[in-house]
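Asker: File name upload-v1.cif; file contents mmCIF, C-alpha atoms; full text below.
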data_coords
#
loop_
_atom_site.label_atom_id
_atom_site.label_comp_id
_atom_site.auth_asym_id
_atom_site.auth_seq_id
_atom_site.Cartn_x
_atom_site.Cartn_y
_atom_site.Cartn_z
CA MET A 22 -22.84 -7.67 13.44
CA GLU A 23 -19.85 -7.13 15.73
CA PRO A 24 -17.91 -4.05 14.51
CA ILE A 25 -14.21 -4.38 13.74
CA GLU A 26 -12.00 -2.27 15.97
CA THR A 27 -9.05 -0.63 14.24
CA TRP A 28 -5.65 -0.57 15.88
CA PRO A 29 -4.98 2.48 18.08
CA GLY A 30 -2.66 5.15 16.78
CA GLU A 31 -0.75 8.31 17.52
CA TRP A 32 0.63 11.34 15.71
CA TYR A 33 4.20 11.68 14.45
CA ASP A 34 5.92 14.78 13.16
CA LEU A 35 8.27 13.84 10.32
CA SER A 36 11.51 15.53 9.33
CA THR A 37 9.79 16.38 6.02
CA GLY A 38 7.66 18.88 7.95
CA ARG A 39 4.51 16.78 7.61
CA SER A 40 2.48 15.09 10.35
CA VAL A 41 1.09 11.58 9.97
CA PHE A 42 -1.25 9.44 12.01
CA VAL A 43 0.22 5.97 12.62
CA ARG A 44 -1.68 2.90 13.81
CA ARG A 45 0.24 0.29 15.77
CA ALA A 46 -0.20 -3.34 16.78
CA SER A 47 2.35 -4.62 19.29
CA ALA A 48 3.42 -8.23 19.42
CA PRO A 49 2.94 -10.03 22.75
CA ARG A 50 5.98 -9.70 25.00
CA THR A 51 7.83 -12.70 26.35
CA ALA A 52 10.11 -13.16 29.33
CA ASP A 53 12.99 -12.27 27.03
CA GLY A 54 11.37 -9.02 25.94
CA PRO A 55 10.29 -8.00 22.42
CA ALA A 56 11.02 -10.38 19.56
CA GLY A 57 12.78 -7.64 17.61
CA GLU A 58 10.82 -8.00 14.37
CA ARG A 59 9.22 -4.85 12.98
CA ILE A 60 6.84 -4.47 10.04
CA VAL A 61 5.85 -1.13 8.52
CA HIS A 62 2.80 -1.18 6.23
CA VAL A 63 2.35 1.38 3.42
CA HIS A 64 -1.11 1.72 1.87
CA GLY A 65 -2.16 2.58 -1.68
CA LEU A 66 -3.95 5.39 -3.51
CA GLY A 67 -7.15 6.36 -1.71
CA GLY A 68 -6.31 3.92 1.07
CA ALA A 69 -5.37 4.27 4.72
CA ALA A 70 -3.75 2.44 7.60
CA THR A 71 -7.08 0.70 8.22
CA ASN A 72 -6.54 -1.26 4.98
CA TRP A 73 -4.10 -3.34 7.03
CA THR A 74 -6.41 -4.08 9.98
CA ALA A 75 -7.07 -7.72 9.07
CA LEU A 76 -3.48 -8.49 8.10
CA MET A 77 -2.13 -6.84 11.25
CA ARG A 78 -4.43 -9.09 13.25
CA GLU A 79 -3.05 -12.16 11.45
CA LEU A 80 0.58 -11.11 12.00
CA ARG A 81 0.22 -9.74 15.51
CA ALA A 82 2.14 -12.60 17.12
CA ASP A 83 5.01 -12.26 14.65
CA ALA A 84 6.13 -8.64 14.88
CA ASP A 85 5.46 -5.13 16.10
CA GLN A 86 3.53 -3.45 13.28
CA TRP A 87 3.21 0.18 12.25
CA ALA A 88 0.85 1.55 9.59
CA PRO A 89 1.02 5.28 8.75
CA ASP A 90 -1.69 7.20 6.95
CA LEU A 91 0.20 8.95 4.15
CA PRO A 92 -0.40 12.75 4.06
CA GLY A 93 -3.86 13.53 2.74
CA PHE A 94 -5.19 10.00 3.37
CA GLY A 95 -6.86 8.43 6.39
CA GLU A 96 -6.45 10.66 9.42
CA SER A 97 -3.36 12.51 8.17
CA PRO A 98 -3.79 16.11 7.00
CA PRO A 99 -2.96 17.01 3.40
CA ALA A 100 0.40 18.35 2.28
CA PRO A 101 1.00 21.28 -0.09
CA ARG A 102 1.59 18.76 -2.90
CA HIS A 103 0.93 15.04 -3.21
CA THR A 104 3.51 13.25 -5.31
CA VAL A 105 5.31 9.92 -5.43
CA ASP A 106 8.59 11.64 -4.51
CA GLY A 107 6.92 13.38 -1.58
CA TYR A 108 5.59 10.11 -0.22
CA VAL A 109 8.99 8.47 -0.69
CA ALA A 110 10.49 11.21 1.49
CA ASP A 111 7.74 10.73 4.09
CA VAL A 112 8.27 6.97 4.32
CA VAL A 113 12.04 7.44 4.55
CA ALA A 114 11.53 9.96 7.35
CA PHE A 115 9.27 7.56 9.24
CA LEU A 116 11.65 4.60 8.87
CA GLU A 117 14.55 6.75 10.07
CA ARG A 118 12.85 6.92 13.47
CA PHE A 119 13.90 3.33 14.13
CA GLY A 120 17.44 2.32 14.95
CA SER A 121 17.48 -0.68 12.60
CA PRO A 122 16.02 -1.67 9.21
CA SER A 123 12.35 -2.64 9.01
CA HIS A 124 10.39 -5.20 7.04
CA VAL A 125 8.19 -3.16 4.68
CA VAL A 126 4.83 -4.48 3.46
CA ALA A 127 3.10 -2.30 0.87
CA ASN A 128 0.16 -2.21 -1.53
CA SER A 129 -0.40 -0.50 -4.90
CA LEU A 130 0.97 3.08 -4.80
CA GLY A 131 2.63 2.14 -1.50
CA GLY A 132 4.45 -0.61 -3.40
CA MET A 133 5.96 1.82 -5.90
CA VAL A 134 6.86 4.23 -3.11
CA SER A 135 8.52 1.45 -1.11
CA VAL A 136 10.55 0.28 -4.11
CA TYR A 137 12.02 3.79 -4.38
CA VAL A 138 12.64 3.85 -0.61
CA ALA A 139 14.48 0.50 -0.67
CA ALA A 140 16.59 1.55 -3.66
CA ARG A 141 17.57 4.93 -2.21
CA ARG A 142 17.98 3.86 1.43
CA PRO A 143 18.92 0.17 1.62
CA ASP A 144 19.94 0.73 5.23
CA LEU A 145 16.28 1.26 6.18
CA VAL A 146 14.61 -1.75 4.52
CA ARG A 147 15.29 -5.32 5.60
CA THR A 148 12.77 -6.99 3.25
CA LEU A 149 10.05 -5.87 0.83
CA SER A 150 6.67 -7.64 0.61
CA LEU A 151 4.56 -6.03 -2.10
CA VAL A 152 0.86 -6.63 -2.73
CA SER A 153 -0.12 -5.61 -6.29
CA PRO A 154 2.58 -2.91 -6.52
CA ALA A 155 1.55 -0.12 -8.91
CA MET A 156 4.61 -0.27 -11.15
CA PRO A 157 4.33 1.23 -14.67
CA GLN A 158 2.68 -1.19 -17.10
CA TYR A 159 2.00 -0.53 -20.76
CA ARG A 160 -0.70 -3.16 -20.95
CA LEU A 161 -3.32 -1.89 -18.54
CA PRO A 162 -6.31 -3.78 -17.13
CA TRP A 163 -9.68 -2.13 -17.75
CA ALA A 164 -9.98 -0.36 -14.38
CA ALA A 165 -6.46 1.07 -14.70
CA GLN A 166 -7.35 2.47 -18.12
CA VAL A 167 -10.43 4.19 -16.68
CA THR A 168 -8.43 5.51 -13.74
CA ALA A 169 -5.67 6.87 -16.00
CA VAL A 170 -8.24 8.99 -17.87
CA MET A 171 -8.88 10.86 -14.63
CA ALA A 172 -5.31 12.19 -14.75
CA VAL A 173 -6.23 14.45 -17.70
CA PRO A 174 -6.34 18.03 -16.33
CA GLY A 175 -9.91 19.25 -16.00
CA LEU A 176 -11.42 15.91 -16.95
CA GLY A 177 -10.54 14.28 -13.64
CA GLU A 178 -12.22 17.10 -11.73
CA ARG A 179 -15.41 16.71 -13.80
CA ILE A 180 -15.44 12.93 -13.36
CA LEU A 181 -15.09 13.20 -9.59
CA ALA A 182 -17.74 15.92 -9.39
CA ALA A 183 -20.18 13.71 -11.33
CA ALA A 184 -19.33 10.70 -9.15
CA GLY A 185 -19.79 12.79 -6.02
CA ALA A 186 -23.38 13.49 -7.02
CA ASN A 187 -24.18 9.80 -6.61
CA PRO A 188 -25.20 8.36 -3.23
CA SER A 189 -22.25 7.18 -1.13
CA GLU A 190 -23.56 3.61 -1.22
CA ARG A 191 -23.38 3.56 -5.02
CA GLN A 192 -19.88 5.05 -5.04
CA ILE A 193 -18.66 2.44 -2.58
CA ALA A 194 -20.27 -0.40 -4.54
CA GLN A 195 -18.51 0.75 -7.74
CA LEU A 196 -15.19 1.05 -5.92
CA ALA A 197 -15.57 -2.37 -4.30
CA ALA A 198 -16.13 -3.95 -7.71
CA VAL A 199 -12.75 -2.54 -8.77
CA LEU A 200 -10.76 -3.40 -5.64
CA PHE A 201 -12.11 -6.86 -4.76
CA ALA A 202 -12.47 -9.99 -6.86
CA ASP A 203 -15.65 -10.80 -4.92
CA PRO A 204 -16.82 -8.11 -2.49
CA ALA A 205 -19.59 -10.42 -1.22
CA ALA A 206 -16.98 -12.90 0.00
CA LEU A 207 -15.58 -10.45 2.59
CA PRO A 208 -16.81 -10.85 6.17
CA ALA A 209 -19.58 -8.32 6.68
CA ALA A 210 -17.80 -6.58 9.56
CA GLU A 211 -14.60 -6.19 7.55
CA PHE A 212 -16.49 -4.75 4.58
CA ASP A 213 -18.42 -2.40 6.86
CA LEU A 214 -15.16 -1.05 8.28
CA ALA A 215 -13.78 -0.43 4.79
CA VAL A 216 -16.99 1.35 3.77
CA ARG A 217 -17.05 3.55 6.90
CA GLU A 218 -13.43 4.61 6.55
CA ARG A 219 -13.62 5.26 2.80
CA THR A 220 -16.87 7.23 3.15
CA ARG A 221 -15.41 9.39 5.91
CA TRP A 222 -12.35 10.21 3.79
CA MET A 223 -14.40 10.89 0.63
CA HIS A 224 -16.25 13.65 2.48
CA GLN A 225 -13.08 15.52 3.40
CA PRO A 226 -12.93 18.83 1.46
CA TYR A 227 -9.42 18.04 0.19
CA ALA A 228 -10.04 14.41 -0.85
CA ASP A 229 -10.49 15.06 -4.60
CA ALA A 230 -7.40 17.28 -4.81
CA VAL A 231 -5.26 14.73 -2.96
CA LEU A 232 -6.53 11.87 -5.13
CA LEU A 233 -5.97 13.68 -8.42
CA GLY A 234 -2.60 15.15 -7.46
CA THR A 235 -1.30 11.74 -6.45
CA LEU A 236 -2.82 10.01 -9.49
CA ARG A 237 -1.18 12.51 -11.86
CA SER A 238 2.15 11.92 -10.18
CA ILE A 239 1.73 8.16 -10.68
CA VAL A 240 0.94 8.65 -14.38
CA ALA A 241 4.01 10.89 -14.71
CA GLN A 242 6.11 7.89 -13.69
CA TYR A 243 5.45 6.44 -17.15
CA THR A 244 7.55 9.21 -18.73
CA MET A 245 10.57 8.86 -16.44
CA PRO A 246 13.95 7.99 -18.01
CA PRO A 247 14.81 4.32 -17.36
CA ARG A 248 17.48 4.97 -14.72
CA ARG A 249 15.18 7.28 -12.75
CA SER A 250 12.05 5.15 -13.20
CA ALA A 251 10.38 2.85 -10.70
CA TRP A 252 11.70 -0.15 -12.65
CA GLY A 253 15.18 1.34 -12.58
CA ALA A 254 14.81 1.62 -8.81
CA ALA A 255 13.58 -1.98 -8.59
CA ALA A 256 16.74 -3.16 -10.34
CA ARG A 257 18.81 -1.47 -7.62
CA VAL A 258 16.92 -2.92 -4.64
CA LEU A 259 19.26 -5.07 -2.55
CA CYS A 260 16.94 -6.63 0.00
CA PRO A 261 14.93 -9.86 -0.45
CA THR A 262 11.64 -9.08 -2.20
CA LEU A 263 8.28 -10.84 -2.33
CA VAL A 264 5.70 -9.75 -4.93
CA MET A 265 2.10 -10.96 -4.58
CA MET A 266 -0.26 -10.43 -7.53
CA GLY A 267 -4.02 -10.86 -7.61
CA GLY A 268 -5.17 -13.11 -10.42
CA ARG A 269 -8.35 -11.02 -10.74
CA ASP A 270 -6.77 -7.61 -10.18
CA THR A 271 -8.40 -5.00 -12.45
CA LEU A 272 -5.82 -2.30 -11.63
CA VAL A 273 -2.45 -4.09 -11.73
CA GLY A 274 -2.28 -6.93 -14.23
CA SER A 275 -0.80 -10.17 -12.95
CA TRP A 276 1.20 -10.32 -16.21
CA GLY A 277 3.53 -7.81 -14.52
CA ARG A 278 5.24 -10.90 -13.11
CA ALA A 279 7.23 -11.14 -16.35
CA ARG A 280 8.68 -7.65 -15.89
CA TRP A 281 9.61 -8.42 -12.29
CA ARG A 282 11.28 -11.63 -13.44
CA ARG A 283 13.40 -9.74 -15.99
CA THR A 284 14.23 -6.86 -13.65
CA ARG A 285 14.94 -8.80 -10.47
CA PRO A 286 15.29 -12.53 -11.23
CA ARG A 287 15.58 -13.45 -7.54
CA THR A 288 12.25 -11.85 -6.61
CA ARG A 289 9.80 -14.33 -5.07
CA LEU A 290 6.66 -14.09 -7.23
CA VAL A 291 3.26 -15.38 -6.14
CA THR A 292 -0.13 -15.14 -7.83
CA LEU A 293 -3.28 -15.35 -5.71
CA PRO A 294 -5.78 -16.56 -8.32
CA SER A 295 -8.98 -15.51 -6.54
CA SER A 296 -7.77 -12.13 -5.28
CA GLY A 297 -8.31 -8.62 -6.57
CA HIS A 298 -6.19 -5.53 -5.94
CA VAL A 299 -6.17 -5.60 -2.13
CA ALA A 300 -5.39 -9.22 -1.28
CA MET A 301 -4.38 -8.27 2.27
CA MET A 302 -8.01 -7.27 2.88
CA GLU A 303 -9.63 -9.98 0.77
CA HIS A 304 -7.46 -12.94 1.85
CA PRO A 305 -5.50 -11.74 4.91
CA ARG A 306 -4.69 -15.22 6.20
CA ALA A 307 -3.19 -16.36 2.89
CA VAL A 308 -1.15 -13.15 2.59
CA ALA A 309 0.02 -13.48 6.21
CA ASP A 310 1.14 -17.05 5.58
CA LEU A 311 3.13 -15.96 2.51
CA ILE A 312 4.79 -13.11 4.41
CA ARG A 313 5.53 -15.29 7.42
CA GLU A 314 7.15 -17.96 5.23
CA PHE A 315 9.12 -15.31 3.30
CA LEU A 316 10.47 -13.68 6.46
CA ARG A 317 11.43 -17.06 7.88
CA ASP A 318 13.24 -18.06 4.68
CA THR A 319 15.11 -14.76 4.44
CA SER A 320 16.00 -14.32 8.09
CA GLY A 321 19.66 -13.53 8.43
CA ARG A 322 19.99 -12.52 4.78
CA ARG A 323 20.62 -8.93 3.79
#
Step by step, read the file and then write its structure as C-alpha cells.
Answerer:
Amino acid sequence: MEPIETWPGEWYDLSTGRSVFVRRASAPRTADGPAGERIVHVHGLGGAATNWTALMRELRADADQWAPDLPGFGESPPAPRHTVDGYVADVVAFLERFGSPSHVVANSLGGMVSVYVAARRPDLVRTLSLVSPAMPQYRLPWAAQVTAVMAVPGLGERILAAAGANPSERQIAQLAAVLFADPAALPAAEFDLAVRERTRWMHQPYADAVLLGTLRSIVAQYTMPPRRSAWGAAARVLCPTLVMMGGRDTLVGSWGRARWRRTRPRTRLVTLPSSGHVAMMEHPRAVADLIREFLRDTSGRR
C-alpha cells in the first residue's frame, strides 16, 4: 500500500500568544502569477490539519490552501485553556495575517468556530463552506448523546481512562464507526493515514485534557443567551454560506437543515446521503465539486 503524504507545514506565532502548525498546499502558478484564491480549512474536535489532506488534493488547482492545527490538536502545542472562544480568537488571528478575506472551509467544531469568526469579523471571511457544523441541536443523534455525557465533570475523565485501557486498534475502530458512514469504503491508504495521525495524538499526555476542555466548552454553548449563541452569530453572518450535511452523520443530525433554513434562508444546503460526519475525508471529490461550484456561483458577491 502506497502511504499518503500529508502536505508540508510550518509554524506560526499568533497574536493570541499561541503557536500553531499550519499545513499548506499551493496552487500551480501560471504566467500571470497566483490565481488569488485562498482557502483556510478549520478542523473539528479531536481532528487535525491532516483531516483535509484528501480535499486539499482535490482542490489544489483551484486555490492556495492553508490548514492550521488548532492549539492542542495535531502538531500544535496545548494552550492554558481550550474553549470555543479561544479557538475563535486563534482563527481570527490567523486570518488577519492575510491582506484580504479568505474562503473558509470548516468541519464540526471548526464549523461553529468559523460561524463566530464570520459574524464578528466579516472583513476576514469571503465565503463559508461548512461540513457538518457542530451547531447546538436539541435533538441529538446517538453518538452525540454519548459524547455529551463525557462533558460531566469527573465522568468524562473516567470514560477516557477506561477507553485508554483498550488497544489502540479497538479505539480507532470505535471512533471510525462514529465518524464514517462506511469506514471500509475509504481507500486503505487514506484510512491508514487517519489512524496513524489519530493514534499519535491520542498518546500525547495532554490529549484527554484538551478533548474534555473543548467538549465542555461546546456543551456550554447550549446555555448561551440567543444573541450570544452560535445561532445568533449565524444570523449575523454576511458572506455566502454553504452547509453540507451527512445523511448518515451520528454526531450532527441532518435535520439541522431546518434550523439553518429558518436562521439564514439564503444558505445553500446540501445533504450527502451516504456520508457520515467527515464527508471531506469520506467523499472528498463530491465535497470538492460542491465547494468549487459554490465559489464559482458566488464569485464577485460579498
Asker: Mind listing as a PyMOL selection string all residues within 12 Å of (2.6, -12.4, 16.1), counting all atoms listed in the file?
Answerer: chain A and resi 46-51+55-60+76-86+309-310+312-313
Asker: Could you name the residues that touch region 269-272 of chain A at 6 Å or less, counting all atoms listed in the file, but leaving out those on the same chain fewer than 6 positions away, as a PyMOL selection string?
Answerer: chain A and resi 162+164-165+202+296-298
Asker: With C-alpha atoms retained, write the just-selected residues as a tab-separated table (two decimals), in the frame of the given file.
Answerer:
chain	number	residue	atom	x	y	z
A	162	PRO	CA	-6.31	-3.78	-17.13
A	164	ALA	CA	-9.98	-0.36	-14.38
A	165	ALA	CA	-6.46	1.07	-14.70
A	202	ALA	CA	-12.47	-9.99	-6.86
A	296	SER	CA	-7.77	-12.13	-5.28
A	297	GLY	CA	-8.31	-8.62	-6.57
A	298	HIS	CA	-6.19	-5.53	-5.94
Asker: Out of A:Leu151, A:Asp229, A:Pro29, A:Pro204, which residue has the shortest atom-to-atom distance to Thr288 (chain A) when counting only C-alpha atoms?
Answerer: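 With only C-alpha atoms as the atom set, the closest residue is A:Leu151.
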Asker: Please identify all polymer residues within 10 Å of Val109 (chain A), counting all atoms listed in the file, omitting same-chain residues fewer than 5 positions from it, and present them as an MDAnalysis selection string.
Answerer: chainID A and resid 104 114:115 131 133:139 141
Asker: Taking (-1.0, -5.3, -14.5) in the file's coordinates as the center, which residues reach within 7 Å of it, counting only C-alpha atoms, put as a list in words?
Answerer: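 Within 7 Å of (-1.0, -5.3, -14.5), the protein and nucleic acid residues are Gln158, Arg160, Leu161, Pro162, Leu272, Val273, Gly274, Ser275, Trp276 and Gly277 of chain A.
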Asker: Which residues would end up in the selection if the PyMOL selection byres ((chain A and resi 171) around 12) were applied here, given that I need the answer as a VMD selection string?
Answerer: chain A and resid 164 to 170 172 to 182 184 229 to 230 232 to 240
Asker: Considering only C-alpha atoms, state which residue in the set A:Met265, A:Ala279, A:Ala228, A:Ala70 is at the smallest distance from Leu311 (chain A).
Answerer: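 Using only C-alpha atoms, the shortest distance to Leu311 (chain A) belongs to A:Met265.
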Asker: Could you write out as a PyMOL selection string the residues that the PyMOL selection byres ((chain A and resi 254) around 9) matches in the shown file?
Answerer: chain A and resi 136-141+247-253+255-258
Asker: Would you work out the distance separating CA of Glu31 (chain A) from CA of Pro89 (chain A), expressed in Å to one decimal?
Answerer: 9.4 Å
Asker: Please complete region 81-105 of chain A so it has N, CA, C and O atoms, and hand it over as a CSV table (one decimal), in the frame of the given file.
Answerer:
chain,number,residue,atom,x,y,z
A,81,ARG,N,0.0,-10.4,14.2
A,81,ARG,CA,0.2,-9.7,15.5
A,81,ARG,C,1.2,-10.5,16.4
A,81,ARG,O,2.0,-9.9,17.1
A,82,ALA,N,1.2,-11.8,16.3
A,82,ALA,CA,2.1,-12.6,17.1
A,82,ALA,C,3.5,-12.6,16.6
A,82,ALA,O,4.5,-13.1,17.2
A,83,ASP,N,3.7,-12.1,15.3
A,83,ASP,CA,5.0,-12.3,14.6
A,83,ASP,C,5.9,-11.0,14.8
A,83,ASP,O,7.1,-11.1,14.7
A,84,ALA,N,5.3,-9.8,14.9
A,84,ALA,CA,6.1,-8.6,14.9
A,84,ALA,C,5.3,-7.4,15.4
A,84,ALA,O,4.1,-7.4,15.4
A,85,ASP,N,6.1,-6.4,15.9
A,85,ASP,CA,5.5,-5.1,16.1
A,85,ASP,C,5.1,-4.5,14.7
A,85,ASP,O,6.0,-4.6,13.8
A,86,GLN,N,4.0,-4.0,14.6
A,86,GLN,CA,3.5,-3.4,13.3
A,86,GLN,C,3.1,-2.0,13.4
A,86,GLN,O,2.5,-1.6,14.3
A,87,TRP,N,3.5,-1.3,12.3
A,87,TRP,CA,3.2,0.2,12.2
A,87,TRP,C,2.6,0.4,10.9
A,87,TRP,O,3.1,-0.1,9.9
A,88,ALA,N,1.5,1.2,10.9
A,88,ALA,CA,0.8,1.6,9.6
A,88,ALA,C,0.5,3.0,9.5
A,88,ALA,O,-0.5,3.5,10.2
A,89,PRO,N,1.3,3.8,8.8
A,89,PRO,CA,1.0,5.3,8.8
A,89,PRO,C,0.0,5.6,7.7
A,89,PRO,O,-0.1,4.9,6.7
A,90,ASP,N,-0.8,6.6,8.0
A,90,ASP,CA,-1.7,7.2,7.0
A,90,ASP,C,-0.8,8.2,6.2
A,90,ASP,O,-0.3,9.2,6.8
A,91,LEU,N,-0.6,8.0,4.9
A,91,LEU,CA,0.2,9.0,4.2
A,91,LEU,C,-0.5,10.3,4.1
A,91,LEU,O,-1.8,10.4,4.2
A,92,PRO,N,0.2,11.4,4.0
A,92,PRO,CA,-0.4,12.8,4.1
A,92,PRO,C,-1.5,12.9,3.1
A,92,PRO,O,-1.4,12.5,1.9
A,93,GLY,N,-2.7,13.4,3.6
A,93,GLY,CA,-3.9,13.5,2.7
A,93,GLY,C,-4.8,12.3,2.8
A,93,GLY,O,-5.9,12.4,2.3
A,94,PHE,N,-4.4,11.2,3.3
A,94,PHE,CA,-5.2,10.0,3.4
A,94,PHE,C,-5.5,9.6,4.8
A,94,PHE,O,-4.7,10.0,5.7
A,95,GLY,N,-6.5,8.9,5.0
A,95,GLY,CA,-6.9,8.4,6.4
A,95,GLY,C,-7.1,9.6,7.3
A,95,GLY,O,-7.8,10.6,7.0
A,96,GLU,N,-6.4,9.6,8.4
A,96,GLU,CA,-6.4,10.7,9.4
A,96,GLU,C,-5.4,11.8,9.2
A,96,GLU,O,-5.6,12.9,9.8
A,97,SER,N,-4.5,11.5,8.3
A,97,SER,CA,-3.4,12.5,8.2
A,97,SER,C,-3.8,13.7,7.3
A,97,SER,O,-4.5,13.5,6.3
A,98,PRO,N,-3.4,14.9,7.8
A,98,PRO,CA,-3.8,16.1,7.0
A,98,PRO,C,-3.1,16.2,5.7
A,98,PRO,O,-2.0,15.5,5.5
A,99,PRO,N,-3.6,16.9,4.7
A,99,PRO,CA,-3.0,17.0,3.4
A,99,PRO,C,-1.7,17.8,3.5
A,99,PRO,O,-1.4,18.5,4.4
A,100,ALA,N,-0.9,17.6,2.4
A,100,ALA,CA,0.4,18.4,2.3
A,100,ALA,C,0.2,19.4,1.2
A,100,ALA,O,-0.8,19.4,0.5
A,101,PRO,N,1.1,20.3,1.0
A,101,PRO,CA,1.0,21.3,-0.1
A,101,PRO,C,0.9,20.6,-1.5
A,101,PRO,O,0.2,21.1,-2.3
A,102,ARG,N,1.6,19.5,-1.7
A,102,ARG,CA,1.6,18.8,-2.9
A,102,ARG,C,1.6,17.3,-2.6
A,102,ARG,O,2.2,16.9,-1.5
A,103,HIS,N,1.0,16.5,-3.5
A,103,HIS,CA,0.9,15.0,-3.2
A,103,HIS,C,1.5,14.3,-4.4
A,103,HIS,O,0.9,14.2,-5.5
A,104,THR,N,2.8,13.9,-4.2
A,104,THR,CA,3.5,13.2,-5.3
A,104,THR,C,4.2,12.0,-4.8
A,104,THR,O,4.3,11.8,-3.6
A,105,VAL,N,4.6,11.1,-5.8
A,105,VAL,CA,5.3,9.9,-5.4
A,105,VAL,C,6.6,10.3,-4.7
A,105,VAL,O,6.9,9.7,-3.6
